[in-house]
Each structure stands twice: as C-alpha cells, then as structure tokens.
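Enquirer: TSV, C-alpha atoms (C1' of nucleotides), file data20.tsv:
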```tsv
chain	number	residue	atom	x	y	z
A	1	MET	CA	33.59	2.19	-26.45
A	2	SER	CA	32.07	3.43	-29.68
A	3	ALA	CA	32.46	7.07	-30.61
A	4	PRO	CA	28.75	7.68	-31.37
A	5	ASP	CA	27.84	6.42	-27.89
A	6	LEU	CA	30.29	8.83	-26.34
A	7	VAL	CA	28.83	11.70	-28.35
A	8	THR	CA	25.37	10.74	-27.18
A	9	ALA	CA	26.53	10.63	-23.59
A	10	ILE	CA	28.13	14.06	-23.73
A	11	VAL	CA	25.05	15.59	-25.31
A	12	ALA	CA	22.90	13.87	-22.71
A	13	THR	CA	24.77	15.45	-19.81
A	14	TYR	CA	24.29	18.86	-21.43
A	15	ASP	CA	20.64	18.10	-21.95
A	16	VAL	CA	19.98	17.03	-18.37
A	17	TRP	CA	21.38	20.29	-17.10
A	18	MET	CA	19.60	22.50	-19.63
A	19	ARG	CA	16.26	20.79	-19.11
A	20	THR	CA	16.63	21.24	-15.38
A	21	VAL	CA	17.30	24.96	-15.84
A	22	ASP	CA	14.43	25.30	-18.31
A	23	GLU	CA	12.01	23.71	-15.90
A	24	ILE	CA	12.75	26.10	-13.06
A	25	GLY	CA	12.55	29.19	-15.27
A	26	PRO	CA	9.41	30.49	-13.53
A	27	VAL	CA	10.98	30.11	-10.09
A	28	LEU	CA	14.09	31.96	-11.25
A	29	ALA	CA	12.00	34.77	-12.71
A	30	GLU	CA	10.09	35.00	-9.44
A	31	HIS	CA	13.33	35.85	-7.65
A	32	ARG	CA	14.77	37.93	-10.52
A	33	LEU	CA	17.56	35.42	-10.92
A	34	THR	CA	19.33	35.20	-14.26
A	35	PRO	CA	21.09	32.02	-15.37
A	36	ALA	CA	24.45	33.37	-14.23
A	37	THR	CA	23.29	34.56	-10.80
A	38	PHE	CA	21.36	31.36	-10.30
A	39	GLN	CA	24.41	29.23	-10.94
A	40	ALA	CA	26.58	31.31	-8.66
A	41	LEU	CA	23.99	31.17	-5.90
A	42	TRP	CA	23.71	27.40	-6.30
A	43	ALA	CA	27.48	27.07	-6.05
A	44	ILE	CA	27.72	28.72	-2.63
A	45	ASP	CA	26.94	26.03	-0.08
A	46	PRO	CA	26.01	27.68	3.23
A	47	ASP	CA	27.16	24.56	5.08
A	48	GLU	CA	30.71	24.93	3.84
A	49	GLN	CA	33.33	27.59	4.34
A	50	PRO	CA	32.46	30.70	2.30
A	51	PRO	CA	34.34	30.40	-1.00
A	52	SER	CA	36.83	32.97	-2.26
A	53	MET	CA	36.25	34.60	-5.62
A	54	LYS	CA	38.96	32.45	-7.09
A	55	ALA	CA	37.50	29.21	-5.74
A	56	LEU	CA	34.02	30.09	-6.94
A	57	ALA	CA	35.24	31.13	-10.38
A	58	GLY	CA	36.83	27.71	-10.74
A	59	ARG	CA	33.63	26.00	-9.69
A	60	LEU	CA	31.66	28.01	-12.24
A	61	HIS	CA	34.19	27.62	-15.04
A	62	CYS	CA	34.44	31.37	-15.51
A	63	ASN	CA	37.20	33.91	-15.05
A	64	ALA	CA	37.76	36.50	-12.37
A	65	PRO	CA	36.24	39.61	-14.00
A	66	ASN	CA	33.16	37.62	-14.88
A	67	LEU	CA	32.63	36.47	-11.32
A	68	THR	CA	33.14	40.00	-10.04
A	69	PHE	CA	30.30	41.07	-12.29
A	70	VAL	CA	28.01	38.23	-11.21
A	71	SER	CA	28.85	38.73	-7.54
A	72	ASN	CA	27.84	42.36	-7.84
A	73	GLN	CA	24.48	41.27	-9.18
A	74	LEU	CA	23.99	38.94	-6.23
A	75	ALA	CA	25.13	41.61	-3.78
A	76	ASP	CA	22.81	44.20	-5.36
A	77	ARG	CA	19.93	41.79	-4.82
A	78	GLY	CA	20.94	41.34	-1.17
A	79	LEU	CA	21.74	37.65	-1.56
A	80	VAL	CA	25.46	37.68	-0.75
A	81	GLU	CA	27.96	39.86	1.06
A	82	ARG	CA	31.66	40.22	0.46
A	83	ALA	CA	34.05	39.75	3.37
A	84	VAL	CA	37.79	40.04	3.54
A	85	ASP	CA	39.50	36.77	4.29
A	86	PRO	CA	41.49	37.46	7.48
A	87	ALA	CA	43.99	34.79	6.52
A	88	ASP	CA	44.79	36.49	3.21
A	89	ARG	CA	43.65	40.04	2.91
A	90	ARG	CA	43.90	39.97	-0.88
A	91	SER	CA	41.10	37.46	-0.96
A	92	ARG	CA	37.37	38.17	-0.66
A	93	VAL	CA	34.96	35.48	0.39
A	94	LEU	CA	31.29	35.42	-0.56
A	95	VAL	CA	28.88	34.87	2.31
A	96	LEU	CA	25.19	34.16	1.78
A	97	THR	CA	22.80	36.49	3.56
A	98	ALA	CA	19.72	35.12	5.29
A	99	LYS	CA	17.74	36.01	2.20
A	100	GLY	CA	20.40	34.39	0.04
A	101	ARG	CA	20.13	31.13	1.96
A	102	GLN	CA	16.36	31.19	1.71
A	103	VAL	CA	16.28	31.90	-2.03
A	104	ARG	CA	18.99	29.33	-2.68
A	105	ALA	CA	17.05	26.67	-0.82
A	106	GLU	CA	13.93	27.52	-2.77
A	107	VAL	CA	15.47	27.30	-6.25
A	108	ILE	CA	17.34	24.11	-5.42
A	109	ARG	CA	14.15	22.56	-4.10
A	110	ALA	CA	12.46	23.48	-7.38
A	111	ALA	CA	15.33	21.99	-9.34
A	112	LEU	CA	15.12	18.72	-7.41
A	113	GLU	CA	11.44	18.47	-8.18
A	114	LYS	CA	11.69	19.36	-11.84
A	115	THR	CA	14.96	17.80	-12.99
A	116	PRO	CA	14.65	14.82	-15.33
A	117	LEU	CA	16.96	12.98	-12.93
A	118	ALA	CA	14.13	12.88	-10.42
A	119	ALA	CA	12.75	9.99	-12.46
A	120	LEU	CA	15.54	7.74	-11.22
A	121	ASP	CA	14.97	5.49	-8.24
A	122	ASP	CA	17.43	5.21	-5.37
A	123	GLY	CA	19.54	2.47	-6.91
A	124	GLU	CA	19.73	4.09	-10.31
A	125	LEU	CA	20.74	7.41	-8.83
A	126	ARG	CA	23.47	5.72	-6.83
A	127	GLN	CA	24.64	4.01	-10.00
A	128	LEU	CA	24.71	7.31	-11.88
A	129	LEU	CA	26.65	9.00	-9.09
A	130	THR	CA	29.19	6.22	-9.05
A	131	LEU	CA	29.83	6.67	-12.75
A	132	LEU	CA	29.98	10.47	-12.67
A	133	ASN	CA	32.15	10.55	-9.58
A	134	ARG	CA	34.54	8.11	-11.13
A	135	VAL	CA	34.82	10.48	-14.08
A	136	LEU	CA	35.00	13.78	-12.22
A	137	LEU	CA	36.96	13.06	-9.08
A	138	PRO	CA	40.74	12.98	-9.32
A	139	GLY	CA	42.26	9.54	-9.19
B	1	MET	CA	16.63	8.80	-3.08
B	2	SER	CA	18.30	11.37	-0.88
B	3	ALA	CA	18.14	15.02	-1.88
B	4	PRO	CA	21.88	15.71	-1.48
B	5	ASP	CA	22.65	12.88	-3.88
B	6	LEU	CA	20.30	14.33	-6.46
B	7	VAL	CA	21.95	17.75	-6.10
B	8	THR	CA	25.33	16.14	-6.59
B	9	ALA	CA	24.12	14.34	-9.70
B	10	ILE	CA	22.69	17.49	-11.28
B	11	VAL	CA	25.87	19.43	-10.62
B	12	ALA	CA	27.89	16.53	-12.00
B	13	THR	CA	26.06	16.58	-15.32
B	14	TYR	CA	26.73	20.30	-15.60
B	15	ASP	CA	30.36	19.72	-14.71
B	16	VAL	CA	30.92	16.99	-17.28
B	17	TRP	CA	29.67	19.27	-20.01
B	18	MET	CA	31.59	22.34	-18.87
B	19	ARG	CA	34.83	20.43	-18.43
B	20	THR	CA	34.45	19.02	-21.91
B	21	VAL	CA	33.98	22.50	-23.33
B	22	ASP	CA	36.88	23.86	-21.28
B	23	GLU	CA	39.20	21.18	-22.56
B	24	ILE	CA	38.56	21.91	-26.21
B	25	GLY	CA	38.94	25.68	-25.78
B	26	PRO	CA	42.12	25.80	-27.86
B	27	VAL	CA	40.51	23.88	-30.72
B	28	LEU	CA	37.50	26.21	-30.66
B	29	ALA	CA	39.75	29.27	-30.71
B	30	GLU	CA	41.64	27.80	-33.64
B	31	HIS	CA	38.44	27.82	-35.67
B	32	ARG	CA	37.15	31.09	-34.20
B	33	LEU	CA	34.21	29.24	-32.69
B	34	THR	CA	32.44	30.76	-29.72
B	35	PRO	CA	30.51	28.62	-27.23
B	36	ALA	CA	27.24	29.39	-28.97
B	37	THR	CA	28.45	28.72	-32.50
B	38	PHE	CA	30.20	25.57	-31.34
B	39	GLN	CA	27.04	24.19	-29.80
B	40	ALA	CA	24.98	24.99	-32.86
B	41	LEU	CA	27.56	23.39	-35.13
B	42	TRP	CA	27.63	20.29	-32.93
B	43	ALA	CA	23.84	20.06	-33.08
B	44	ILE	CA	23.70	19.85	-36.88
B	45	ASP	CA	24.32	16.21	-37.76
B	46	PRO	CA	25.34	15.98	-41.43
B	47	ASP	CA	24.02	12.41	-41.55
B	48	GLU	CA	20.50	13.51	-40.73
B	49	GLN	CA	18.02	15.72	-42.54
B	50	PRO	CA	19.08	19.38	-42.24
B	51	PRO	CA	17.17	20.81	-39.28
B	52	SER	CA	14.84	23.77	-39.50
B	53	MET	CA	15.50	26.82	-37.37
B	54	LYS	CA	12.66	25.79	-35.09
B	55	ALA	CA	13.96	22.26	-34.64
B	56	LEU	CA	17.47	23.45	-33.93
B	57	ALA	CA	16.31	26.10	-31.49
B	58	GLY	CA	14.56	23.40	-29.53
B	59	ARG	CA	17.65	21.24	-29.50
B	60	LEU	CA	19.74	24.15	-28.23
B	61	HIS	CA	17.21	25.31	-25.65
B	62	CYS	CA	17.13	28.80	-27.12
B	63	ASN	CA	14.51	30.91	-28.84
B	64	ALA	CA	14.11	31.88	-32.48
B	65	PRO	CA	15.79	35.31	-32.52
B	66	ASN	CA	18.75	33.86	-30.69
B	67	LEU	CA	19.21	31.09	-33.21
B	68	THR	CA	18.92	33.55	-36.09
B	69	PHE	CA	21.82	35.45	-34.56
B	70	VAL	CA	23.94	32.34	-34.05
B	71	SER	CA	23.13	31.02	-37.52
B	72	ASN	CA	24.34	34.27	-39.01
B	73	GLN	CA	27.65	33.82	-37.21
B	74	LEU	CA	28.00	30.33	-38.64
B	75	ALA	CA	27.00	31.52	-42.11
B	76	ASP	CA	29.46	34.42	-41.93
B	77	ARG	CA	32.21	31.91	-41.16
B	78	GLY	CA	31.15	29.81	-44.15
B	79	LEU	CA	30.17	26.82	-42.02
B	80	VAL	CA	26.46	26.62	-42.83
B	81	GLU	CA	24.09	27.78	-45.53
B	82	ARG	CA	20.41	28.54	-45.30
B	83	ALA	CA	18.02	26.81	-47.67
B	84	VAL	CA	14.30	27.15	-48.11
B	85	ASP	CA	12.40	24.02	-47.21
B	86	PRO	CA	10.48	23.13	-50.38
B	87	ALA	CA	7.82	21.39	-48.35
B	88	ASP	CA	7.12	24.57	-46.35
B	89	ARG	CA	8.51	27.72	-47.84
B	90	ARG	CA	8.25	29.59	-44.55
B	91	SER	CA	10.83	27.30	-43.05
B	92	ARG	CA	14.61	27.56	-43.50
B	93	VAL	CA	16.86	24.58	-42.99
B	94	LEU	CA	20.51	24.83	-42.05
B	95	VAL	CA	22.88	22.83	-44.23
B	96	LEU	CA	26.52	22.31	-43.31
B	97	THR	CA	29.02	23.36	-45.96
B	98	ALA	CA	32.02	21.17	-46.73
B	99	LYS	CA	34.07	23.35	-44.41
B	100	GLY	CA	31.33	23.13	-41.82
B	101	ARG	CA	31.39	19.34	-41.89
B	102	GLN	CA	35.16	19.33	-41.60
B	103	VAL	CA	35.29	21.77	-38.68
B	104	ARG	CA	32.45	19.98	-36.94
B	105	ALA	CA	34.23	16.66	-37.21
B	106	GLU	CA	37.39	18.20	-35.85
B	107	VAL	CA	35.86	19.77	-32.76
B	108	ILE	CA	33.82	16.69	-31.97
B	109	ARG	CA	36.90	14.52	-32.30
B	110	ALA	CA	38.69	16.83	-29.86
B	111	ALA	CA	35.73	16.65	-27.47
B	112	LEU	CA	35.74	12.85	-27.57
B	113	GLU	CA	39.40	12.80	-26.68
B	114	LYS	CA	39.24	15.38	-23.94
B	115	THR	CA	35.89	14.75	-22.25
B	116	PRO	CA	36.07	13.30	-18.75
B	117	LEU	CA	33.63	10.64	-19.97
B	118	ALA	CA	36.42	9.17	-22.07
B	119	ALA	CA	37.67	7.58	-18.84
B	120	LEU	CA	34.75	5.16	-18.86
B	121	ASP	CA	35.15	1.72	-20.34
B	122	ASP	CA	32.65	0.20	-22.72
B	123	GLY	CA	30.41	-1.32	-20.08
B	124	GLU	CA	30.34	1.78	-17.92
B	125	LEU	CA	29.50	3.99	-20.87
B	126	ARG	CA	26.65	1.67	-21.81
B	127	GLN	CA	25.41	1.82	-18.23
B	128	LEU	CA	25.56	5.61	-18.23
B	129	LEU	CA	23.69	5.82	-21.52
B	130	THR	CA	20.98	3.51	-20.22
B	131	LEU	CA	20.43	5.77	-17.23
B	132	LEU	CA	20.49	9.04	-19.16
B	133	ASN	CA	18.26	7.71	-21.93
B	134	ARG	CA	15.78	6.48	-19.38
B	135	VAL	CA	15.66	10.00	-18.01
B	136	LEU	CA	15.64	11.99	-21.25
B	137	LEU	CA	13.60	9.92	-23.67
B	138	PRO	CA	9.82	10.21	-23.50
B	139	GLY	CA	8.06	7.31	-21.89
C	1	DC	C1'	63.91	45.22	1.66
C	2	DA	C1'	63.17	44.61	-3.70
C	3	DG	C1'	61.12	41.99	-7.11
C	4	DA	C1'	57.89	38.42	-8.45
C	5	DA	C1'	53.58	36.19	-7.83
C	6	DT	C1'	48.72	36.14	-6.34
C	7	DT	C1'	43.82	37.96	-5.68
C	8	DA	C1'	40.39	41.07	-7.13
C	9	DT	C1'	38.64	44.87	-9.52
C	10	DT	C1'	37.85	48.23	-13.36
C	11	DC	C1'	37.33	49.22	-18.10
C	12	DG	C1'	36.10	48.54	-22.82
C	13	DA	C1'	34.68	45.58	-26.41
C	14	DG	C1'	32.26	42.01	-28.13
C	15	DA	C1'	29.15	37.96	-27.70
C	16	DC	C1'	24.78	36.25	-26.11
C	17	DT	C1'	19.74	36.29	-25.07
C	18	DC	C1'	15.21	37.70	-25.18
C	19	DG	C1'	10.54	40.21	-25.92
C	20	DA	C1'	8.02	42.84	-29.18
C	21	DA	C1'	7.00	43.89	-33.74
C	22	DG	C1'	7.00	42.80	-38.63
C	23	DC	C1'	6.77	39.87	-42.81
C	24	DA	C1'	5.75	36.08	-45.82
C	25	DA	C1'	3.79	31.53	-46.38
C	26	DA	C1'	0.41	28.10	-45.01
C	27	DG	C1'	-4.08	26.59	-43.40
C	28	DG	C1'	-8.95	27.25	-42.48
C	29	DT	C1'	-13.59	29.08	-43.53
C	30	DA	C1'	-17.03	30.63	-46.41
D	1	DT	C1'	-11.94	33.79	-54.57
D	2	DA	C1'	-11.47	36.67	-50.19
D	3	DC	C1'	-10.53	36.91	-45.42
D	4	DC	C1'	-8.68	35.62	-41.06
D	5	DT	C1'	-5.62	32.99	-38.15
D	6	DT	C1'	-1.56	30.54	-37.36
D	7	DT	C1'	3.20	29.43	-38.14
D	8	DG	C1'	8.28	30.12	-39.05
D	9	DC	C1'	11.60	33.25	-39.28
D	10	DT	C1'	13.82	37.82	-39.07
D	11	DT	C1'	14.68	42.56	-37.37
D	12	DC	C1'	15.21	45.72	-33.79
D	13	DG	C1'	16.38	47.38	-29.27
D	14	DA	C1'	17.65	46.54	-24.63
D	15	DG	C1'	19.85	44.17	-21.25
D	16	DT	C1'	22.94	40.32	-19.75
D	17	DC	C1'	27.09	37.84	-20.01
D	18	DT	C1'	32.10	37.02	-20.94
D	19	DC	C1'	36.69	38.04	-21.58
D	20	DG	C1'	41.51	40.31	-22.21
D	21	DA	C1'	44.27	44.05	-20.66
D	22	DA	C1'	45.52	47.14	-17.24
D	23	DT	C1'	45.47	48.39	-12.27
D	24	DA	C1'	45.79	48.09	-7.19
D	25	DA	C1'	46.57	45.75	-2.90
D	26	DT	C1'	48.59	41.99	-0.59
D	27	DT	C1'	51.66	38.12	0.01
D	28	DC	C1'	55.65	35.44	-1.05
D	29	DT	C1'	60.66	34.76	-2.09
D	30	DG	C1'	65.30	35.51	-2.14
```
Could you render the structure as structure tokens?
Expert:
Amino acid sequence: MSAPDLVTAIVATYDVWMRTVDEIGPVLAEHRLTPATFQALWAIDPDEQPPSMKALAGRLHCNAPNLTFVSNQLADRGLVERAVDPADRRSRVLVLTAKGRQVRAEVIRAALEKTPLAALDDGELRQLLTLLNRVLLPG
Amino acid sequence: MSAPDLVTAIVATYDVWMRTVDEIGPVLAEHRLTPATFQALWAIDPDEQPPSMKALAGRLHCNAPNLTFVSNQLADRGLVERAVDPADRRSRVLVLTAKGRQVRAEVIRAALEKTPLAALDDGELRQLLTLLNRVLLPG
DNA sequence: CAGAATTATTCGAGACTCGAAGCAAAGGTA
DNA sequence: TACCTTTGCTTCGAGTCTCGAATAATTCTG
C-alpha cells in the first residue's frame, strides 16, 4: 500500500463523520444537543443492556470525568437516568428515558438521511462494512 | 440498504479516526500538540499552495474565529507563520515553518503506523478509497 | 480482616467553539 | 473620485469540552 493512499483514507474517514455531523446541525440545535451530548446519546443503544460509565467512556474515547460531565448534561435534559448496577454497586449504568429514546431515534434518522454514506447502494455498503469491520474488530 | 448497516458504517468511520488519534497520543504529547492543533497541522500540506484561513477552516469543519485561535497556537509553537496573500491582501495564508514540516511529517508517520487501516492490504485499501471517494467527491 | 484495585465523582485549570462586533481590503456603481 | 456592499480575518465574551489529581464508595485478594 502506498503511504499517500493511506493518508487519504484516514482523512476520508474523518471527513465522512464530520460531514454527517455538520448536516444534522439543525436537528441537533432543535433538541439543544451539543456535539458531545449527541455522541453520547447515539452511543446508548436502547436495545442493549444499559452501559456503565466505564463502558460508555471507552466507546466515546473519553475519560471518566469527561463522561460524568456529559452524562449530567443528558440527565439535566431528561434524556437519561443513572441507575446503580445491582451486580456491582460501584458502577452506574445509563438508561435512556422515553424522551431520550425518542430524541435518539430522531437524530439518528436525520443522520441516516444526511450522511454522505447514504449515496452507497446495498452492495457498496456491504463492501464498506466488510472492510471497516475487518479493521476494527479484534482478530 | 438496511438502516442498521448504515448506522454501523457511520460509527465505524468515526471509530477509525478516533482510534488513530488515540494511538498517536504519546507522539502528540511529545510535541505538545493538542487535538485541534494536530488536525490543523495535518491539514496543511507543504506540497500544496499554502491555504488561506477560509480554505483551512472549511477543511477542518470549523468557523473563522476558531481557526484564528488554533492558528495562534501553532504560530506560538513556531510551527506555522502567517503571510499576506499578495493576490488578495485581506487574506492570510498559513505557511509551515521548517519545524512545522518536520513535526507534521513525524505525527503523520506515527498515524500511518498506528491507524487500524494499516491492517488493510493494497487491494483492500484501494477498494476502501474507491468507496469513500465516491461518497465524498462531488459528482 | 487489611491492603490493593476498581468505578465514579468533584474540583480546578486549560483547551475548544461559536456568535456578535469591528477592521481593512476588494469590488461595484455612479 | 466618492460611496456602498461584500469579503476575509481578528477580537471579545460566553459557554462547552477535556483532562489530571484528589476523593469516596465498593469490590477483590491474600
């Protein structure tokens, strides 16, 4: 592989994400979501087990104090609630409220419409996922 | 295309970028580069015409006051210098200093080594670039 | 049980981002 | 020329974001 191509590819991944965020700016403003709260909200899948602070911080590539701050913002806006993990009482899990689930669905729907990746057809998207999964998943 | 796949793909692009940045954290710290200054430094290609503030702000998805702030950080560290564009004296272009070129080369080299995308072989990387270019380039 | 490790939070400092206002240069009109 | 508008950038002020260090509560280990 040539180094310039790799540089281009890295920049392109950054660009896809940033363009997606740019495009949904109005929707985020509508719900008073900042970039940080938006990302955190996105990262809490209501169909999975509620993540602990630690797990979510890892997903967001930020540290613990930072996530505490962001979680407070989400909680203040009534989008998430903290709950003690019964299995480990040191740990707090973040649970989406009904409003949180609704807002999350709305911003993700907007992102799916507006992202540059929406230009890909089914086969291309599958191809892209194969490549990215190969790179991101362990093994 | 199925919506969950598109969500996964968007998150994956974000993840590739963030993991790349995470991995080169030590190198950035070594040069006292913050995320913002690192990105700006990356975005100034010494082999191209020095970009104006406006052009660079577009590339970085930020606004003018923000880039003024970041440019000052880079200038304070002796990595870039401002120059008046003779063709339009309102415009300032950012020129890498010798140190700026050296530091830029170093952090990009580190990124190329550490990025998850380095796991792709030549053909896969070409495939990825084809897909991302199709999505990002106009037309 | 005592000590070490883990999970979150608080605090303080600094970095980042943006809108509004201001300034100088460029472009348009007469 | 004079005047007005637009453009590119900077300054200022406010708010957001991020992190390291210190703290508290809980769990783990020997």
Enquirer: Determine, using only C-alpha atoms (C1' of nucleotides), which residues of chain A have any atom at most 12 Å from an atom of chain D, and tabulate each with its shortest atom pair and distance in Å to one decimal place, rows ordered by chain and then rising number, as a Markdown table.
Expert:
```
| residue | atom | partner | partner_atom | distance |
| --- | --- | --- | --- | --- |
| A:Leu33 | CA | D:DT16 | C1' | 11.4 |
| A:Thr34 | CA | D:DT16 | C1' | 8.3 |
| A:Pro35 | CA | D:DC17 | C1' | 9.6 |
| A:Ala36 | CA | D:DC17 | C1' | 7.8 |
| A:Thr37 | CA | D:DC17 | C1' | 10.5 |
| A:His61 | CA | D:DT18 | C1' | 11.3 |
| A:Cys62 | CA | D:DT18 | C1' | 8.2 |
| A:Asn63 | CA | D:DC19 | C1' | 7.7 |
| A:Ala64 | CA | D:DC19 | C1' | 9.4 |
| A:Pro65 | CA | D:DC19 | C1' | 7.8 |
| A:Asn66 | CA | D:DT18 | C1' | 6.2 |
| A:Leu67 | CA | D:DT18 | C1' | 9.7 |
| A:Thr68 | CA | D:DT18 | C1' | 11.3 |
| A:Phe69 | CA | D:DC17 | C1' | 9.0 |
| A:Val70 | CA | D:DC17 | C1' | 8.9 |
| A:Gln73 | CA | D:DT16 | C1' | 10.7 |
| A:Val84 | CA | D:DT26 | C1' | 11.7 |
| A:Asp85 | CA | D:DT26 | C1' | 11.6 |
| A:Pro86 | CA | D:DT26 | C1' | 11.7 |
| A:Ala87 | CA | D:DT27 | C1' | 10.6 |
| A:Asp88 | CA | D:DT26 | C1' | 7.7 |
| A:Arg89 | CA | D:DT26 | C1' | 6.4 |
| A:Arg90 | CA | D:DT26 | C1' | 5.1 |
| A:Ser91 | CA | D:DT26 | C1' | 8.8 |
| A:Arg92 | CA | D:DT26 | C1' | 11.9 |
```
Enquirer: For chain B against chain A, with a cut-off of 9 Å and counting all atoms listed in the file, what is the closest atom pair and its distance in Å to one decimal for every residue that makes the cut, ordered by chain and number, as JSON lines?
Expert:
```
{"residue": "B:Met1", "atom": "CA", "partner": "A:Asp122", "partner_atom": "CA", "distance": 4.3}
{"residue": "B:Ser2", "atom": "CA", "partner": "A:Asp122", "partner_atom": "CA", "distance": 7.7}
{"residue": "B:Ala3", "atom": "CA", "partner": "A:Leu112", "partner_atom": "CA", "distance": 7.3}
{"residue": "B:Asp5", "atom": "CA", "partner": "A:Leu125", "partner_atom": "CA", "distance": 7.6}
{"residue": "B:Leu6", "atom": "CA", "partner": "A:Leu112", "partner_atom": "CA", "distance": 6.9}
{"residue": "B:Val7", "atom": "CA", "partner": "A:Leu112", "partner_atom": "CA", "distance": 7.0}
{"residue": "B:Thr8", "atom": "CA", "partner": "A:Leu129", "partner_atom": "CA", "distance": 7.7}
{"residue": "B:Ala9", "atom": "CA", "partner": "A:Leu129", "partner_atom": "CA", "distance": 5.9}
{"residue": "B:Ile10", "atom": "CA", "partner": "A:Trp17", "partner_atom": "CA", "distance": 6.6}
{"residue": "B:Val11", "atom": "CA", "partner": "A:Trp17", "partner_atom": "CA", "distance": 7.9}
{"residue": "B:Ala12", "atom": "CA", "partner": "A:Leu132", "partner_atom": "CA", "distance": 6.4}
{"residue": "B:Thr13", "atom": "CA", "partner": "A:Thr13", "partner_atom": "CA", "distance": 4.8}
{"residue": "B:Tyr14", "atom": "CA", "partner": "A:Trp17", "partner_atom": "CA", "distance": 5.6}
{"residue": "B:Asp15", "atom": "CA", "partner": "A:Leu136", "partner_atom": "CA", "distance": 7.9}
{"residue": "B:Val16", "atom": "CA", "partner": "A:Thr13", "partner_atom": "CA", "distance": 6.8}
{"residue": "B:Trp17", "atom": "CA", "partner": "A:Tyr14", "partner_atom": "CA", "distance": 5.6}
{"residue": "B:Met18", "atom": "CA", "partner": "A:His61", "partner_atom": "CA", "distance": 7.0}
{"residue": "B:Arg19", "atom": "CA", "partner": "A:His61", "partner_atom": "CA", "distance": 8.0}
{"residue": "B:Thr20", "atom": "CA", "partner": "A:Ile10", "partner_atom": "CA", "distance": 8.2}
{"residue": "B:Asp22", "atom": "CA", "partner": "A:His61", "partner_atom": "CA", "distance": 7.8}
{"residue": "B:Arg59", "atom": "CA", "partner": "A:Asp15", "partner_atom": "CA", "distance": 8.7}
{"residue": "B:Leu60", "atom": "CA", "partner": "A:Met18", "partner_atom": "CA", "distance": 8.8}
{"residue": "B:His61", "atom": "CA", "partner": "A:Met18", "partner_atom": "CA", "distance": 7.1}
{"residue": "B:Ile108", "atom": "CA", "partner": "A:Val7", "partner_atom": "CA", "distance": 7.9}
{"residue": "B:Arg109", "atom": "CA", "partner": "A:Ala3", "partner_atom": "CA", "distance": 8.8}
{"residue": "B:Ala111", "atom": "CA", "partner": "A:Val7", "partner_atom": "CA", "distance": 8.5}
{"residue": "B:Leu112", "atom": "CA", "partner": "A:Leu6", "partner_atom": "CA", "distance": 6.9}
{"residue": "B:Thr115", "atom": "CA", "partner": "A:Ile10", "partner_atom": "CA", "distance": 7.9}
{"residue": "B:Pro116", "atom": "CA", "partner": "A:Val135", "partner_atom": "CA", "distance": 5.6}
{"residue": "B:Leu117", "atom": "CA", "partner": "A:Val135", "partner_atom": "CA", "distance": 6.0}
{"residue": "B:Ala118", "atom": "CA", "partner": "A:Leu6", "partner_atom": "CA", "distance": 7.5}
{"residue": "B:Ala119", "atom": "CA", "partner": "A:Val135", "partner_atom": "CA", "distance": 6.3}
{"residue": "B:Leu120", "atom": "CA", "partner": "A:Val135", "partner_atom": "CA", "distance": 7.2}
{"residue": "B:Asp121", "atom": "CA", "partner": "A:Met1", "partner_atom": "CA", "distance": 6.3}
{"residue": "B:Asp122", "atom": "CA", "partner": "A:Met1", "partner_atom": "CA", "distance": 4.3}
{"residue": "B:Gly123", "atom": "CA", "partner": "A:Met1", "partner_atom": "CA", "distance": 7.9}
{"residue": "B:Glu124", "atom": "CA", "partner": "A:Leu131", "partner_atom": "CA", "distance": 7.1}
{"residue": "B:Leu125", "atom": "CA", "partner": "A:Met1", "partner_atom": "CA", "distance": 7.1}
{"residue": "B:Arg126", "atom": "CA", "partner": "A:Asp5", "partner_atom": "CA", "distance": 7.8}
{"residue": "B:Gln127", "atom": "CA", "partner": "A:Leu128", "partner_atom": "CA", "distance": 8.4}
{"residue": "B:Leu128", "atom": "CA", "partner": "A:Leu128", "partner_atom": "CA", "distance": 6.6}
{"residue": "B:Leu129", "atom": "CA", "partner": "A:Ala9", "partner_atom": "CA", "distance": 6.0}
{"residue": "B:Leu131", "atom": "CA", "partner": "A:Leu128", "partner_atom": "CA", "distance": 7.0}
{"residue": "B:Leu132", "atom": "CA", "partner": "A:Ala12", "partner_atom": "CA", "distance": 6.5}
{"residue": "B:Asn133", "atom": "CA", "partner": "A:Ala12", "partner_atom": "CA", "distance": 7.8}
{"residue": "B:Arg134", "atom": "CA", "partner": "A:Leu120", "partner_atom": "CA", "distance": 8.3}
{"residue": "B:Val135", "atom": "CA", "partner": "A:Pro116", "partner_atom": "CA", "distance": 5.6}
{"residue": "B:Leu136", "atom": "CA", "partner": "A:Pro116", "partner_atom": "CA", "distance": 6.6}
```
Enquirer: Within 12 Å of chain B, which residues of chain C come that close, and what is the closest atom pair and distance in Å for each? Count all atoms listed in the file and give it as CSV.
Expert:
```
residue,atom,partner,partner_atom,distance
C:DG14,C1',B:Thr34,CA,11.4
C:DA15,C1',B:Thr34,CA,8.2
C:DC16,C1',B:Ala36,CA,7.8
C:DT17,C1',B:Asn66,CA,6.2
C:DC18,C1',B:Asn66,CA,7.6
C:DG19,C1',B:Pro65,CA,9.8
C:DA20,C1',B:Pro65,CA,11.3
C:DC23,C1',B:Arg90,CA,10.5
C:DA24,C1',B:Arg90,CA,7.1
C:DA25,C1',B:Arg90,CA,5.2
C:DA26,C1',B:Asp88,CA,7.7
C:DG27,C1',B:Asp88,CA,11.8
```
Enquirer: Distance atom CA of A:Ala57-atom CA of A:Ala98, one decimal place?
Expert: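 Going from atom CA of A:Ala57 over to atom CA of A:Ala98, I get 22.4 Å.
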Enquirer: Once you add 5 Å to each side, what are the centre and edge lengths of the axis-aligned box holding all listed atoms of stretch 14-17 of chain B? One decimal in Å, as AutoDock Vina command-line options, if you can.
Expert:
```
--center_x 28.8 --center_y 18.6 --center_z -17.4 --size_x 14.2 --size_y 13.3 --size_z 15.3
```
Enquirer: Using all atoms listed in the file, what residues lie at most 12 Å away from (35.7, 23.8, -43.1) (file coordinates), given as a list in words?
Expert: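 The distance filter leaves exactly Glu30, His31, Arg32, Leu33, Leu41, Leu74, Ala75, Arg77, Gly78, Leu79, Val80, Leu96, Thr97, Ala98, Lys99, Gly100, Arg101, Gln102, Val103, Arg104, Ala105, Glu106 and Val107 of chain B.
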Enquirer: Provide the atom C1' of C:DT7 to atom CA of A:Pro50 distance in Å, to one decimal place.
Expert: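 Distance reported for this atom pair: 15.7 Å.
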Enquirer: Would you mind reading off the distance between atom CA of A:Gly25 and atom CA of B:Gly58, one decimal, in Å?
Expert: 15.5 Å
